[in-house]
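One structure is given here, and the rest of the page talks about it.
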Amino acid sequence: MIELINVSKTYFSRKRAIQALDQINLTIQANEIFGIIGQSGAGKSTLLRCMNLLDRPTNGQVIVNDQDLTQLSPLQLRQARHRIGMIFQHFNLLHSQTVYQNVALPLKLLGQDKTTIARKVQAMLEVVGLADYQHRYPAQLSGGQKQRIAIARTLAGDPSVLLCDEATSALDPRTTLDILELLRRINQQLQLTIVLITHEMDVMKTICDRVAILDQGHIIEQADVVTLFSQPQTELGQLLTHACLQHELPVSLSQRIKPTPQSSTAYPLLQLYFVGESATKPIMAQLIQQTKLPINIVQANMEYIKQQPIGVMTIEVRAQPVELENIIRYFNEQGLTVELIGYVH
Amino acid sequence: MSINLLTELGFATWQTLYMVGVASGIAVIIGLPLGIILFTTRSGGILAKPAFNKLLGSMVNALRSIPFIILLVAIIPFTRWVVGTSIGATAAIIPLAVGAIPFLARIIENALEEVSKGLIEAGQAMGASALQIIRYILLPEALSGIINGITVTVITLVSYSAMAGVVGGGGLGDLAIRYGYQRFDAMVMLTTIVILIVIVQLMQMFGDYLAKRVNH
């Protein structure tokens, strides 16, 4: 478990104070995959680096595995770090060393004997599926393979926590999925708590259990990933999730939307969010059968997030205000979130 | 060229190799750690001691700014204290080493600078101590650059050693001055130059070979 209590970080650059993190409170449960997303400069990297004290917070406590890292002596901190793995955007492998030697590094640091190291390295390379690559050098590997080796290296030290600093940002989409799948697998097999930061919402959607949105050093929103995607609470949350669900109305239509009806031919535009079970029921068909109203689907998208279907649909309902209330009530009864986004003229 | 002269050439070659070899060894033994200290004690380094780093840096600079011919005679008392005499090839080793140490230290510092910051951070994140980072990350990653730096230093020492004649150190440079210049013996001059070129070429080739071997 990781707990950040009132963590603040101020940098001094040319005598100007820059507040990178401001009073962050965050609890990450054991064995979950927690994602931190934000735009560049939001402080994501600093926040992650506070979790192993690569960046020391100006104020606040960082509790990992029941130890407050900020109170430890340098020696104790090094011992605590053996149990906190970290992988990086640019892998940070030793180019002068073979794959075997790279994976063996944390074990050498712990002073383990040769037989133990050999056994452990072999086992970790099997976990990441690169057992035949022991004698290669990093320069001979692809980006995805390098990240796998970096993962094997960090796992060799038996960490209970794995921090991922934009670990897939330098990889192509296909390789990103492979690496995320590997992270998911080791999360389950090795009971590992994983914290990852990214600017890619797709990564969050694919792998995370819970997500926090960081904006200018503040956590502005925190939720499980399904809730975040179905009901983002903040503007940035909406921006990020909507971009990911590719739910943007065409400009030609959005220009014609007014907040109030200005003529009798203006029809309301509703945005519906389906989550979980409600996404599997024939709600639309029943509505049309019952009301006989012409309903025009303007845009729709369905995604599966952690095996949970999430859908967003924008519909134009040719209905009068009285009927509209009934329709909204009907949707709410079916467990949908409805938002009246305006009237089309 | 007489037999006598040939013997002299052989002996001078041996003296040059002896002076350069031992001085290089000393320079590496002291210059390598000094370079590591210069790099790691910078502000933001893994053993950051900015004030100490500045002081050490100025001392290295001061030593480097003394022309070798001056250094050779200026530290005669120190040389006498270390080896018991201030003349001869062995006595020349001391100023050669003293001249090479700060030179090599700066080159090592630069070689270490080439190691990516990310690797040092990865080491810190793994819980490595400063010494472990030096041993397992900095030195292996910078090895090829360090070998190149040592090669440059050794070759520089070959040229410095030509001035060793000033303190009776002998060697090829001294021979070239005494026979080639002072006695107008062009043959000796040419021969010593050829030998020096061959020595330097071989050293460079060997250094390149080693540097390439460790570069993956």
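By order of appearance in the structure tokens: chains A, B, ..., then residues from 1 within every chain, and ligands from 1 in the order shown.
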**Request:** Give as a count of residues only every residue of chain B that touches chain A within 10 Å, counting only C-alpha atoms.
**Result:** 29
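Near Leu324 in chain A, within 12 Å and counting only C-alpha atoms, sit A:Tyr267, A:Pro268, A:Leu269, A:Leu270, A:Leu287, A:Thr291, A:Leu293, A:Ile295, A:Glu316, A:Val317, A:Arg318, A:Ala319, A:Arg329, A:Tyr330, A:Phe331, A:Val338, A:Glu339, A:Leu340, A:Tyr343, not including residues fewer than 5 positions from it in the same chain.
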Preceding selection exported with C-alpha atoms as a PDB file, in the first residue's frame:
```
ATOM      1  CA  TYR A 267     -35.313  19.450 -31.154  1.00  0.00           C
ATOM      2  CA  PRO A 268     -33.515  18.472 -27.968  1.00  0.00           C
ATOM      3  CA  LEU A 269     -30.205  16.695 -28.180  1.00  0.00           C
ATOM      4  CA  LEU A 270     -29.544  14.179 -25.427  1.00  0.00           C
ATOM      5  CA  LEU A 287     -38.347   3.469 -26.172  1.00  0.00           C
ATOM      6  CA  THR A 291     -43.410   6.256 -27.611  1.00  0.00           C
ATOM      7  CA  LEU A 293     -41.289   9.040 -31.417  1.00  0.00           C
ATOM      8  CA  ILE A 295     -35.352   9.243 -32.639  1.00  0.00           C
ATOM      9  CA  GLU A 316     -31.937  13.876 -31.319  1.00  0.00           C
ATOM     10  CA  VAL A 317     -35.488  13.370 -30.073  1.00  0.00           C
ATOM     11  CA  ARG A 318     -38.322  14.906 -32.043  1.00  0.00           C
ATOM     12  CA  ALA A 319     -40.337  15.465 -28.898  1.00  0.00           C
ATOM     13  CA  ARG A 329     -37.303   9.644 -16.602  1.00  0.00           C
ATOM     14  CA  TYR A 330     -37.451   6.439 -18.640  1.00  0.00           C
ATOM     15  CA  PHE A 331     -33.699   6.540 -19.304  1.00  0.00           C
ATOM     16  CA  VAL A 338     -28.710  11.530 -19.364  1.00  0.00           C
ATOM     17  CA  GLU A 339     -27.507  14.978 -20.180  1.00  0.00           C
ATOM     18  CA  LEU A 340     -29.483  17.516 -22.178  1.00  0.00           C
ATOM     19  CA  TYR A 343     -31.454  22.149 -28.880  1.00  0.00           C
TER      20      TYR A 343
END
```
**Request:** Enumerate as a count of residues only all residues of range 80-201 of chain A assigned to strand (DSSP E or B) by DSSP on the backbone, naming them with the chain letters and numbers the document uses.
**Result:** 15
**Message:** For range 27-30 of chain B, find every residue with an atom within 8 Å (counting only C-alpha atoms), except residues of its own chain fewer than 5 positions away, and show them as JSON, numbers by chain.
**Reply:** {"B": [97, 98, 100, 101, 104, 150]}
**Complete:** Using only C-alpha atoms, the best pick from B:Met163, B:Met187, B:Leu172, B:Ala211 as closest to Pro67 in chain B would be B:Met163
Could you give me, as JSON lines, a per-residue list for range 11-121 of chain B showing, wherever an atom lies at most 10 Å from an atom of range 174-182 of chain B, the closest pair of atoms and their distance in Å to one decimal, using only C-alpha atoms and sorting by chain then residue number from low to high?
```
{"residue": "B:Phe11", "atom": "CA", "partner": "B:Leu175", "partner_atom": "CA", "distance": 9.9}
{"residue": "B:Ala12", "atom": "CA", "partner": "B:Leu175", "partner_atom": "CA", "distance": 6.9}
{"residue": "B:Thr13", "atom": "CA", "partner": "B:Leu175", "partner_atom": "CA", "distance": 9.5}
{"residue": "B:Thr16", "atom": "CA", "partner": "B:Asp174", "partner_atom": "CA", "distance": 9.6}
```
Atoms to include: C-alpha atoms. Write the selected residues as a short mmCIF file (atom, residue, chain, number, x, y, z; two decimals), in the first residue's frame.
```
data_model
loop_
_atom_site.label_atom_id
_atom_site.label_comp_id
_atom_site.auth_asym_id
_atom_site.auth_seq_id
_atom_site.Cartn_x
_atom_site.Cartn_y
_atom_site.Cartn_z
CA PHE B 11 68.42 1.95 -24.65
CA ALA B 12 66.70 5.29 -25.33
CA THR B 13 63.62 3.47 -26.62
CA THR B 16 61.04 6.21 -23.08
#
```
**Request:** Quick one: everything within 9 Å of range 152-155 of chain B, counting only C-alpha atoms, minus sequence neighbours fewer than 5 positions away in the same chain. Send it as number ranges by chain.
**Result:** B: 20-21, 23-24, 27, 100-101, 103-104, 107, 147, 160, 199-200, 203-204, 207
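Among the candidate residues A:Met313, A:Ala156, A:Ala223, A:Gly144, the one lying nearest to Ala118 in chain A is A:Ala156, with distances computed using only C-alpha atoms.
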**Asked** So which residues touch Leu4 in chain A within 8 Å, counting only C-alpha atoms, skipping near sequence neighbours fewer than 4 positions away, as a ChimeraX atom specification?
**Response** /A:24-27,60-63
Store the residues picked out above in a file with C-alpha atoms, as a PDB file, in the first residue's frame.
```pdb
ATOM      1  CA  ILE A  24      -1.494  15.771  -2.503  1.00  0.00           C
ATOM      2  CA  ASN A  25      -3.382  13.141  -0.540  1.00  0.00           C
ATOM      3  CA  LEU A  26      -3.553   9.764  -2.172  1.00  0.00           C
ATOM      4  CA  THR A  27      -4.033   6.167  -1.079  1.00  0.00           C
ATOM      5  CA  GLY A  60       4.344  15.702   3.654  1.00  0.00           C
ATOM      6  CA  GLN A  61       4.703  12.000   4.236  1.00  0.00           C
ATOM      7  CA  VAL A  62       5.243   9.177   1.767  1.00  0.00           C
ATOM      8  CA  ILE A  63       4.276   5.847   3.252  1.00  0.00           C
TER       9      ILE A  63
END
```
**Item:** alpha helix (DSSP H) per DSSP on the backbone: members of range 71-198 of chain B, as a ChimeraX atom specification
**Value:** /B:71-74,76-83,89-113,117-125,130-133,139-160,172-175,186-198
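Going from CA of Gly129 in chain A to CA of Asp178 in chain A covers 11.2 Å.
Picture a line from CA of Ile194 in chain A to CA of Cys164 in chain A; it runs 7.4 Å.
Minimum atom-to-atom distances from B:Val22, B:Ile76, B:Ile93, B:Ala105 to Asn61 in chain B were compared using only C-alpha atoms, and the lowest value belongs to B:Ala105.
If you measure from each of A:Cys244, A:Asn332, A:Pro321, A:Ile283 to Glu303 in chain A using only C-alpha atoms, the closest one turns out to be A:Cys244.
Among the candidates A:Gly38, A:Leu21, A:Ile327, A:Gln191, the residue lying nearest to Ile288 in chain A is A:Ile327 (atoms considered: only C-alpha atoms).
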